[in-house]
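Notes follow once the structure below has been shown.
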Amino acid sequence: MLAGSGWIDAGVVNAGDGTHEHPTQALLDAFTMRRRLHGAGSRGRDLDGVRVVIVGDIVHSRVARSNLWLLRTLGAEVTFVAPPTLLPSAVGAWPASVRYDLDDALAEQPDVVMMLRIQSERMHEAFFPNPREYSRQWGLSAERWATLPDGALVMHPGPMIRGLEISDEAADSPQSTILEQVANGVAVRMAVLFLSMTGNDGAAPTETEIV
Amino acid sequence: MTTHLIRSATLVDGARADLLVRDGVVAEVGTGLSAVGAEVIDADGLLALPGLVDLHTHLREPGGEASETVLTGSQAAAAGGFTAVNAMANSSPVADTAGVVEQVQALGELAGYVTVRPIGAVSKGLAGEQLSEIGAMATSRARVRVFSDDGICVSDPLLMRRALEYIKGFDGVLAQHAQDPRLTIGAQMNEGVLSAELGLAGWPAVAEESIIARDVLLAEHVGARLHICHLSTAGSVEVVRWAKARGIAVTAEVTPHHLLLTEQLIAGGAPAPLDGAYDARFKVNPPLRREEDVLALRAALADGTIDIVATDHAPHTAEAKQCEWAAAANGMVGLETALPVVHQTMVETGLLDWSGVARVLSSEPARIGRVEGHGHAIAAGAPAELTLYDPAARRSFDTAQLAGKSVNSPYLGRSLPGRVVATFHGRPTVLDGAVLAPELVGGAARG
């Protein structure tokens, strides 16, 4: 609202607002995917046709929302996997596929599996019975991780709850990008701050502005 | 395995046919069939119905073995022409984990009389606070698809909403016991003129109708399947009719006793031995209602507003029933009498034909409960799940005709039409009207 009010000239960066959006997380996630999938040739390449599965508490997740919009913009296909209680009621209107069964989603051999954090308090509001059942049905266990294609990325925005939504085997595997996401987050957010402080609408900053 | 040749049975469409049952399958349907060494059953004048499927049975085990076990309840079911029952979750321990539902299913397989499909609890311990391990039960060996806190209403609207959504993810259905707990505190019988006169606390129709109205709207909002247990009032019929016209995925059941009996029996006047007033064998939840409710329920079953008949077979020990009205337990046994009562209330009145009976007591309950291998029309290649019924018989009902462990039937002394002559669950479980011995039917016999 502030950014669109016309009251100020300063750049405003959304650093994550409630359960709405988290744009810089989406930027760093997309950057991480591009780096891993395209390697040295990632510059200028989008994510056309890349199949991304996002698993977990979609309804409360600002990460899921921002990722959906950015990944779709970059040409990726997004599938949300969650119990129906953890999906927004109008999720059918979003440009994403929806599945309730994680094994069915993984059987399609996705390119990227992004796990979201599950807050165990959610069970007190009856979103799911208990952490054990959540983990059994929707956790990326060692067994499920082993069914993924070799090149598939395992992502998580952190903080992780190991043993609930993700197993050690998956989180610490070579396919895991979780620590890279943290490192890339620093670079991406530096870039965001730099551009918003110095440039206008993405135009390259002039030398005097940099000074 | 013995081959059975059923001669000259009448199918639900009125056609006459011989049926050859071999290796658990209806091998042939035709006329003039013969098979060397087959055991012949003369079915002249008998109806061949697809095996009945009960969506609402209390088998009591584990925990309530004094009133019924999976074995004795299965025998009662077979005696009534059933080949599959869905066992309610209010056992002790409650069927709210994979372990309990797998145990109940295994006991059913061991008994061998019917397919026993366990129903899973919606909430942990039926406490109405926290979801039970629905996913674990759905993906267990028991493959639970029906979830219910029956006996207790899922009254918290938030828990109900979440349960409907969560169960949807496993292709399940939530079977609701529609009873607002606050409107029925201490309730003893239908609230109305008679409860006022008898001095018993009332169970108002609105306590059922308001919950059904809320729940069909919730089911619509979240796009889930809802099933209403033992619908009992004319007003509930109107709500369900409205919901179906709106396209909401709701189904409903009526019990045989709500199709026949009225609250007036509580004041006395039933045939002996139930002729005294305040006979607790008429105490049931939801309670017996008025004549106009009974007629509305019959009409709704005939026009499809109510989808199925389910027994709510609820065995109780003698001591739980032979006591003062207020202290007595709710519930009636009903497996052995379901088909005769539907015969009397729906067929003899011209409201349903026999294919309609097959629909409300077999194919639809099998479809709603996802009971695989049941509910099929009798045809070559179909599983041999069928019952032979003599529609011309009529007899006074007594305890000798009950095959379960408890005798709390509201029909004792009453003249009822029809008689189940034989039931096949792959192989015979009832022949000549008598339930076969466990060693001829059970897991060992099936080898």
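Labels for the structure tokens follow display order: chains A, B, ..., residues from 1 in each chain, ligands from 1.
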
**Item:** Interface residues on chain A facing chain B, 7 Å, only C-alpha atoms, written as a ChimeraX atom specification
**Value:** /A:83-85,89,100,124,126-129,133

Serialized selection, N, CA and C atoms, as a PDB file, in the first residue's frame:
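That gives us result.pdb:
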ATOM      1  N   PRO A  83      -2.902 -31.953   2.506  1.00  0.00           N
ATOM      2  CA  PRO A  83      -4.274 -32.364   2.838  1.00  0.00           C
ATOM      3  C   PRO A  83      -5.214 -31.214   2.481  1.00  0.00           C
ATOM      4  N   PRO A  84      -6.458 -31.518   2.125  1.00  0.00           N
ATOM      5  CA  PRO A  84      -7.375 -30.446   1.718  1.00  0.00           C
ATOM      6  C   PRO A  84      -7.531 -29.366   2.786  1.00  0.00           C
ATOM      7  N   THR A  85      -7.313 -29.715   4.044  1.00  0.00           N
ATOM      8  CA  THR A  85      -7.419 -28.723   5.128  1.00  0.00           C
ATOM      9  C   THR A  85      -6.341 -27.658   5.035  1.00  0.00           C
ATOM     10  N   SER A  89      -9.374 -22.490   0.099  1.00  0.00           N
ATOM     11  CA  SER A  89     -10.620 -23.077  -0.402  1.00  0.00           C
ATOM     12  C   SER A  89     -10.833 -22.775  -1.880  1.00  0.00           C
ATOM     13  N   TYR A 100      -3.755 -34.463  -3.375  1.00  0.00           N
ATOM     14  CA  TYR A 100      -3.782 -34.737  -1.939  1.00  0.00           C
ATOM     15  C   TYR A 100      -2.760 -35.807  -1.559  1.00  0.00           C
ATOM     16  N   HIS A 124      -3.729 -28.431  16.605  1.00  0.00           N
ATOM     17  CA  HIS A 124      -4.699 -28.017  17.625  1.00  0.00           C
ATOM     18  C   HIS A 124      -5.902 -27.333  16.996  1.00  0.00           C
ATOM     19  N   ALA A 126      -7.070 -28.561  14.307  1.00  0.00           N
ATOM     20  CA  ALA A 126      -7.635 -29.699  13.563  1.00  0.00           C
ATOM     21  C   ALA A 126      -7.353 -29.641  12.063  1.00  0.00           C
ATOM     22  N   PHE A 127      -6.214 -29.035  11.675  1.00  0.00           N
ATOM     23  CA  PHE A 127      -5.859 -29.094  10.259  1.00  0.00           C
ATOM     24  C   PHE A 127      -5.378 -30.496   9.881  1.00  0.00           C
ATOM     25  N   PHE A 128      -4.785 -31.197  10.841  1.00  0.00           N
ATOM     26  CA  PHE A 128      -4.415 -32.594  10.651  1.00  0.00           C
ATOM     27  C   PHE A 128      -4.361 -33.239  12.032  1.00  0.00           C
ATOM     28  N   PRO A 129      -4.409 -34.592  12.082  1.00  0.00           N
ATOM     29  CA  PRO A 129      -4.571 -35.260  13.381  1.00  0.00           C
ATOM     30  C   PRO A 129      -3.396 -35.058  14.328  1.00  0.00           C
ATOM     31  N   GLU A 133       0.967 -38.562  11.883  1.00  0.00           N
ATOM     32  CA  GLU A 133       0.196 -38.826  10.656  1.00  0.00           C
ATOM     33  C   GLU A 133       0.632 -37.889   9.526  1.00  0.00           C
TER      34      GLU A 133
END

**Message:** List the spatial neighbours of segment 91-99 of chain A as a PyMOL selection string - criterion: any atom at most 10 Å away, only C-alpha atoms, same-chain residues fewer than 6 positions off excluded.
**Reply:** (chain A and resi 52-55+58-59+65+68-69+72+77-84+105) or (chain B and resi 169)

For the selection you just gave me, I'd like the residues written to a file as a PDB file, in the first residue's frame, keeping C-alpha atoms.
ATOM      1  CA  VAL A  52       7.830 -28.079  -9.384  1.00  0.00           C
ATOM      2  CA  VAL A  53       5.957 -29.816  -6.568  1.00  0.00           C
ATOM      3  CA  ILE A  54       5.327 -27.710  -3.457  1.00  0.00           C
ATOM      4  CA  VAL A  55       4.294 -29.738  -0.414  1.00  0.00           C
ATOM      5  CA  ILE A  58      -0.072 -24.008   1.412  1.00  0.00           C
ATOM      6  CA  VAL A  59      -2.947 -22.107   3.016  1.00  0.00           C
ATOM      7  CA  ARG A  65       2.013 -17.917  -3.079  1.00  0.00           C
ATOM      8  CA  LEU A  68       3.530 -19.809  -7.680  1.00  0.00           C
ATOM      9  CA  TRP A  69       3.366 -16.375  -9.317  1.00  0.00           C
ATOM     10  CA  ARG A  72       4.450 -19.458 -13.570  1.00  0.00           C
ATOM     11  CA  GLU A  77       4.460 -25.990 -13.908  1.00  0.00           C
ATOM     12  CA  VAL A  78       3.467 -25.984 -10.252  1.00  0.00           C
ATOM     13  CA  THR A  79       1.695 -28.745  -8.316  1.00  0.00           C
ATOM     14  CA  PHE A  80       0.574 -28.178  -4.739  1.00  0.00           C
ATOM     15  CA  VAL A  81       0.388 -31.234  -2.496  1.00  0.00           C
ATOM     16  CA  ALA A  82      -1.334 -31.041   0.897  1.00  0.00           C
ATOM     17  CA  PRO A  83      -4.274 -32.364   2.838  1.00  0.00           C
ATOM     18  CA  PRO A  84      -7.375 -30.446   1.718  1.00  0.00           C
ATOM     19  CA  ALA A 105       2.813 -36.514  -7.140  1.00  0.00           C
TER      20      ALA A 105
ATOM     21  CA  GLY B 169      -8.386 -36.293   0.502  1.00  0.00           C
TER      22      GLY B 169
END

**Asked** Which neighbours of Leu2 of chain A fall inside 12 Å, counting only C-alpha atoms, when residues of the same chain fewer than 3 positions from it are skipped, and could you give them as JSON, numbers by chain?
**Response** {"A": [5, 6, 7, 8, 9, 10, 11, 12, 13, 14]}

**Asked** Among segment 158-350 of chain B, which residues carry a DSSP assignment of alpha helix (DSSP H), reported as JSON, numbers by chain?
**Response** {"B": [158, 159, 160, 161, 162, 163, 164, 165, 166, 167, 168, 193, 194, 195, 196, 197, 198, 205, 206, 207, 208, 209, 210, 211, 212, 213, 214, 215, 216, 217, 218, 219, 220, 221, 222, 234, 235, 236, 237, 238, 239, 240, 241, 242, 243, 244, 245, 256, 257, 258, 259, 260, 291, 292, 293, 294, 295, 296, 297, 298, 299, 300, 301, 302, 303, 318, 319, 320, 321, 338, 339, 340, 341, 342]}

Hey, can you spit out that residue selection with C-alpha atoms as a compact mmCIF listing (two decimals), in the first residue's frame?
# COMPACT_ATOMS: atom_id res chain seq x y z
CA LEU B 158 -14.86 -26.07 12.82
CA LEU B 159 -13.94 -29.70 13.48
CA MET B 160 -16.76 -30.78 11.16
CA ARG B 161 -15.45 -28.55 8.41
CA ARG B 162 -11.89 -29.78 8.77
CA ALA B 163 -13.01 -33.42 8.98
CA LEU B 164 -15.04 -33.12 5.78
CA GLU B 165 -12.05 -31.58 4.01
CA TYR B 166 -9.49 -34.01 5.39
CA ILE B 167 -11.57 -37.10 4.63
CA LYS B 168 -12.11 -35.85 1.09
CA VAL B 193 -47.51 -34.13 22.80
CA LEU B 194 -46.70 -37.62 23.99
CA SER B 195 -43.43 -36.76 25.75
CA ALA B 196 -45.29 -34.05 27.63
CA GLU B 197 -47.95 -36.53 28.69
CA LEU B 198 -45.47 -39.27 29.66
CA ALA B 205 -36.76 -32.75 15.68
CA VAL B 206 -34.92 -29.44 15.30
CA ALA B 207 -31.87 -30.91 17.05
CA GLU B 208 -31.47 -33.23 14.06
CA GLU B 209 -32.64 -30.90 11.31
CA SER B 210 -30.42 -27.95 12.30
CA ILE B 211 -27.28 -30.11 12.23
CA ILE B 212 -28.19 -31.58 8.85
CA ALA B 213 -28.82 -28.08 7.47
CA ARG B 214 -25.45 -26.85 8.75
CA ASP B 215 -23.60 -29.89 7.48
CA VAL B 216 -25.00 -29.93 3.94
CA LEU B 217 -23.89 -26.29 3.66
CA LEU B 218 -20.43 -27.17 4.98
CA ALA B 219 -20.21 -30.09 2.56
CA GLU B 220 -21.11 -27.76 -0.27
CA HIS B 221 -18.56 -25.16 0.82
CA VAL B 222 -15.64 -27.60 0.96
CA ALA B 234 -40.11 -35.23 8.12
CA GLY B 235 -38.22 -31.95 8.46
CA SER B 236 -34.89 -33.66 7.84
CA VAL B 237 -36.31 -35.08 4.62
CA GLU B 238 -37.10 -31.55 3.46
CA VAL B 239 -33.56 -30.35 4.22
CA VAL B 240 -31.95 -33.26 2.37
CA ARG B 241 -34.33 -32.82 -0.57
CA TRP B 242 -33.31 -29.17 -0.80
CA ALA B 243 -29.60 -30.05 -0.57
CA LYS B 244 -29.83 -32.65 -3.31
CA ALA B 245 -31.69 -30.25 -5.58
CA PRO B 256 -36.06 -50.11 9.44
CA HIS B 257 -37.46 -49.17 12.85
CA HIS B 258 -38.04 -45.56 11.79
CA LEU B 259 -39.96 -46.90 8.77
CA LEU B 260 -42.34 -48.94 10.93
CA GLU B 291 -46.80 -41.35 12.36
CA GLU B 292 -46.38 -38.42 9.95
CA ASP B 293 -42.59 -38.74 10.21
CA VAL B 294 -42.79 -42.45 9.42
CA LEU B 295 -44.88 -41.75 6.33
CA ALA B 296 -42.55 -38.96 5.19
CA LEU B 297 -39.54 -41.26 5.58
CA ARG B 298 -41.19 -43.98 3.50
CA ALA B 299 -42.04 -41.49 0.75
CA ALA B 300 -38.50 -40.12 0.79
CA LEU B 301 -37.00 -43.60 0.50
CA ALA B 302 -39.32 -44.31 -2.42
CA ASP B 303 -38.44 -41.12 -4.30
CA ALA B 318 -30.43 -57.70 29.13
CA GLU B 319 -29.32 -55.66 32.13
CA ALA B 320 -28.79 -52.58 29.94
CA LYS B 321 -32.40 -52.79 28.79
CA ALA B 338 -34.31 -55.43 8.22
CA LEU B 339 -35.51 -57.15 5.07
CA PRO B 340 -38.93 -58.21 6.47
CA VAL B 341 -39.55 -54.67 7.77
CA VAL B 342 -38.61 -53.10 4.43

**Prompt:** What's the 12 Å shell around Met115 of chain A, counting only C-alpha atoms, without same-chain residues fewer than 3 positions away, as an MDAnalysis selection string?
**Reply:** chainID A and resid 52:58 61 63:64 79:82 102 112 118 135 138:141 145 153:162 164:167 170:171 176:178

With N, CA and C atoms retained, could you export that selection as a compact mmCIF listing (two decimals), in the first residue's frame?
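Output saved as part-v5.txt:
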# COMPACT_ATOMS: atom_id res chain seq x y z
N VAL A 52 7.53 -28.34 -10.79
CA VAL A 52 7.83 -28.08 -9.38
C VAL A 52 6.65 -28.55 -8.53
N VAL A 53 6.97 -29.36 -7.52
CA VAL A 53 5.96 -29.82 -6.57
C VAL A 53 6.20 -29.11 -5.25
N ILE A 54 5.20 -28.42 -4.74
CA ILE A 54 5.33 -27.71 -3.46
C ILE A 54 4.41 -28.40 -2.45
N VAL A 55 5.00 -28.85 -1.34
CA VAL A 55 4.29 -29.74 -0.41
C VAL A 55 4.17 -29.09 0.97
N GLY A 56 2.97 -29.07 1.49
CA GLY A 56 2.83 -28.66 2.90
C GLY A 56 1.71 -27.68 3.13
N ASP A 57 1.97 -26.77 4.07
CA ASP A 57 0.93 -25.88 4.56
C ASP A 57 0.72 -24.72 3.59
N ILE A 58 0.09 -25.01 2.46
CA ILE A 58 -0.07 -24.01 1.41
C ILE A 58 -0.93 -22.85 1.91
N SER A 61 0.97 -20.27 3.75
CA SER A 61 2.34 -20.03 3.29
C SER A 61 2.46 -18.86 2.32
N VAL A 63 5.36 -18.20 1.15
CA VAL A 63 6.36 -18.70 0.21
C VAL A 63 5.67 -19.38 -0.98
N ALA A 64 4.64 -20.18 -0.67
CA ALA A 64 3.95 -20.90 -1.75
C ALA A 64 3.31 -19.92 -2.73
N THR A 79 2.69 -27.87 -8.94
CA THR A 79 1.70 -28.74 -8.32
C THR A 79 1.76 -28.56 -6.81
N PHE A 80 0.64 -28.25 -6.20
CA PHE A 80 0.57 -28.18 -4.74
C PHE A 80 0.12 -29.52 -4.20
N VAL A 81 0.78 -29.98 -3.16
CA VAL A 81 0.39 -31.23 -2.50
C VAL A 81 0.18 -30.96 -1.02
N ALA A 82 -1.02 -31.29 -0.51
CA ALA A 82 -1.33 -31.04 0.90
C ALA A 82 -2.64 -31.75 1.21
N LEU A 102 0.91 -37.39 -1.80
CA LEU A 102 2.29 -37.08 -2.15
C LEU A 102 2.90 -38.16 -3.03
N VAL A 112 11.61 -30.67 -9.31
CA VAL A 112 11.90 -29.98 -8.05
C VAL A 112 10.82 -30.36 -7.03
N ILE A 118 5.96 -27.22 8.56
CA ILE A 118 4.67 -27.49 9.20
C ILE A 118 4.75 -27.06 10.65
N SER A 135 3.55 -36.62 9.00
CA SER A 135 4.84 -37.08 8.49
C SER A 135 4.67 -38.33 7.62
N TRP A 138 2.61 -36.94 4.32
CA TRP A 138 3.09 -35.82 3.50
C TRP A 138 4.55 -35.45 3.75
N GLY A 139 5.25 -36.24 4.56
CA GLY A 139 6.65 -35.94 4.82
C GLY A 139 7.55 -36.51 3.73
N LEU A 140 8.67 -35.83 3.45
CA LEU A 140 9.63 -36.37 2.48
C LEU A 140 10.57 -37.31 3.24
N SER A 141 10.09 -38.53 3.42
CA SER A 141 10.85 -39.55 4.17
C SER A 141 12.02 -40.02 3.31
N TRP A 145 12.18 -39.98 -0.71
CA TRP A 145 13.31 -39.28 -1.33
C TRP A 145 14.02 -40.22 -2.32
N LEU A 153 15.70 -31.71 -7.56
CA LEU A 153 16.15 -30.86 -6.46
C LEU A 153 15.22 -31.02 -5.26
N VAL A 154 15.80 -30.97 -4.07
CA VAL A 154 15.02 -30.95 -2.83
C VAL A 154 15.22 -29.57 -2.21
N MET A 155 14.14 -28.83 -2.06
CA MET A 155 14.24 -27.45 -1.57
C MET A 155 13.41 -27.28 -0.29
N HIS A 156 13.79 -26.30 0.48
CA HIS A 156 13.03 -25.97 1.70
C HIS A 156 13.40 -24.53 2.07
N PRO A 157 12.42 -23.68 2.33
CA PRO A 157 12.75 -22.29 2.65
C PRO A 157 13.30 -22.11 4.07
N GLY A 158 13.23 -23.16 4.89
CA GLY A 158 13.69 -23.05 6.26
C GLY A 158 12.78 -22.15 7.09
N PRO A 159 12.80 -22.27 8.38
CA PRO A 159 13.53 -23.32 9.11
C PRO A 159 12.85 -24.67 8.97
N MET A 160 13.68 -25.70 8.89
CA MET A 160 13.15 -27.05 8.70
C MET A 160 12.78 -27.68 10.03
N ILE A 161 11.79 -28.55 10.01
CA ILE A 161 11.56 -29.43 11.15
C ILE A 161 11.89 -30.83 10.68
N ARG A 162 13.11 -31.21 10.99
CA ARG A 162 13.58 -32.54 10.56
C ARG A 162 12.75 -33.61 11.25
N LEU A 164 9.72 -34.21 10.63
CA LEU A 164 8.30 -33.94 10.42
C LEU A 164 8.05 -33.84 8.92
N GLU A 165 8.37 -32.67 8.33
CA GLU A 165 8.10 -32.57 6.90
C GLU A 165 9.26 -33.07 6.04
N ILE A 166 10.43 -33.23 6.64
CA ILE A 166 11.58 -33.67 5.82
C ILE A 166 12.52 -34.53 6.66
N SER A 167 13.06 -35.55 6.03
CA SER A 167 13.99 -36.44 6.73
C SER A 167 15.42 -35.92 6.55
N ALA A 170 16.88 -36.69 3.07
CA ALA A 170 16.52 -35.77 1.98
C ALA A 170 17.19 -34.41 2.18
N ALA A 171 17.18 -33.91 3.42
CA ALA A 171 17.68 -32.56 3.68
C ALA A 171 19.19 -32.46 3.45
N SER A 176 19.88 -31.75 -2.31
CA SER A 176 19.30 -30.70 -1.48
C SER A 176 19.96 -29.36 -1.80
N THR A 177 19.14 -28.31 -1.94
CA THR A 177 19.67 -26.97 -2.23
C THR A 177 19.50 -26.06 -1.03
N ILE A 178 19.21 -26.65 0.12
CA ILE A 178 18.73 -25.85 1.24
C ILE A 178 19.77 -24.82 1.71

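DSSP on the backbone gives strand (DSSP E) for these parts of segment 233-358 of chain B: Val250, Thr251, Ala252, Glu253, Val254, Ile308 and Val309 of chain B.
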
Same residues, C-alpha atoms, saved as a short mmCIF file (atom, residue, chain, number, x, y, z; two decimals), in the first residue's frame:
data_model
loop_
_atom_site.label_atom_id
_atom_site.label_comp_id
_atom_site.auth_asym_id
_atom_site.auth_seq_id
_atom_site.Cartn_x
_atom_site.Cartn_y
_atom_site.Cartn_z
CA VAL B 250 -25.15 -35.74 0.42
CA THR B 251 -26.61 -39.20 0.96
CA ALA B 252 -28.93 -40.33 3.73
CA GLU B 253 -30.04 -43.49 5.45
CA VAL B 254 -33.18 -44.50 7.32
CA ILE B 308 -30.53 -46.39 1.64
CA VAL B 309 -31.80 -48.42 4.56
#
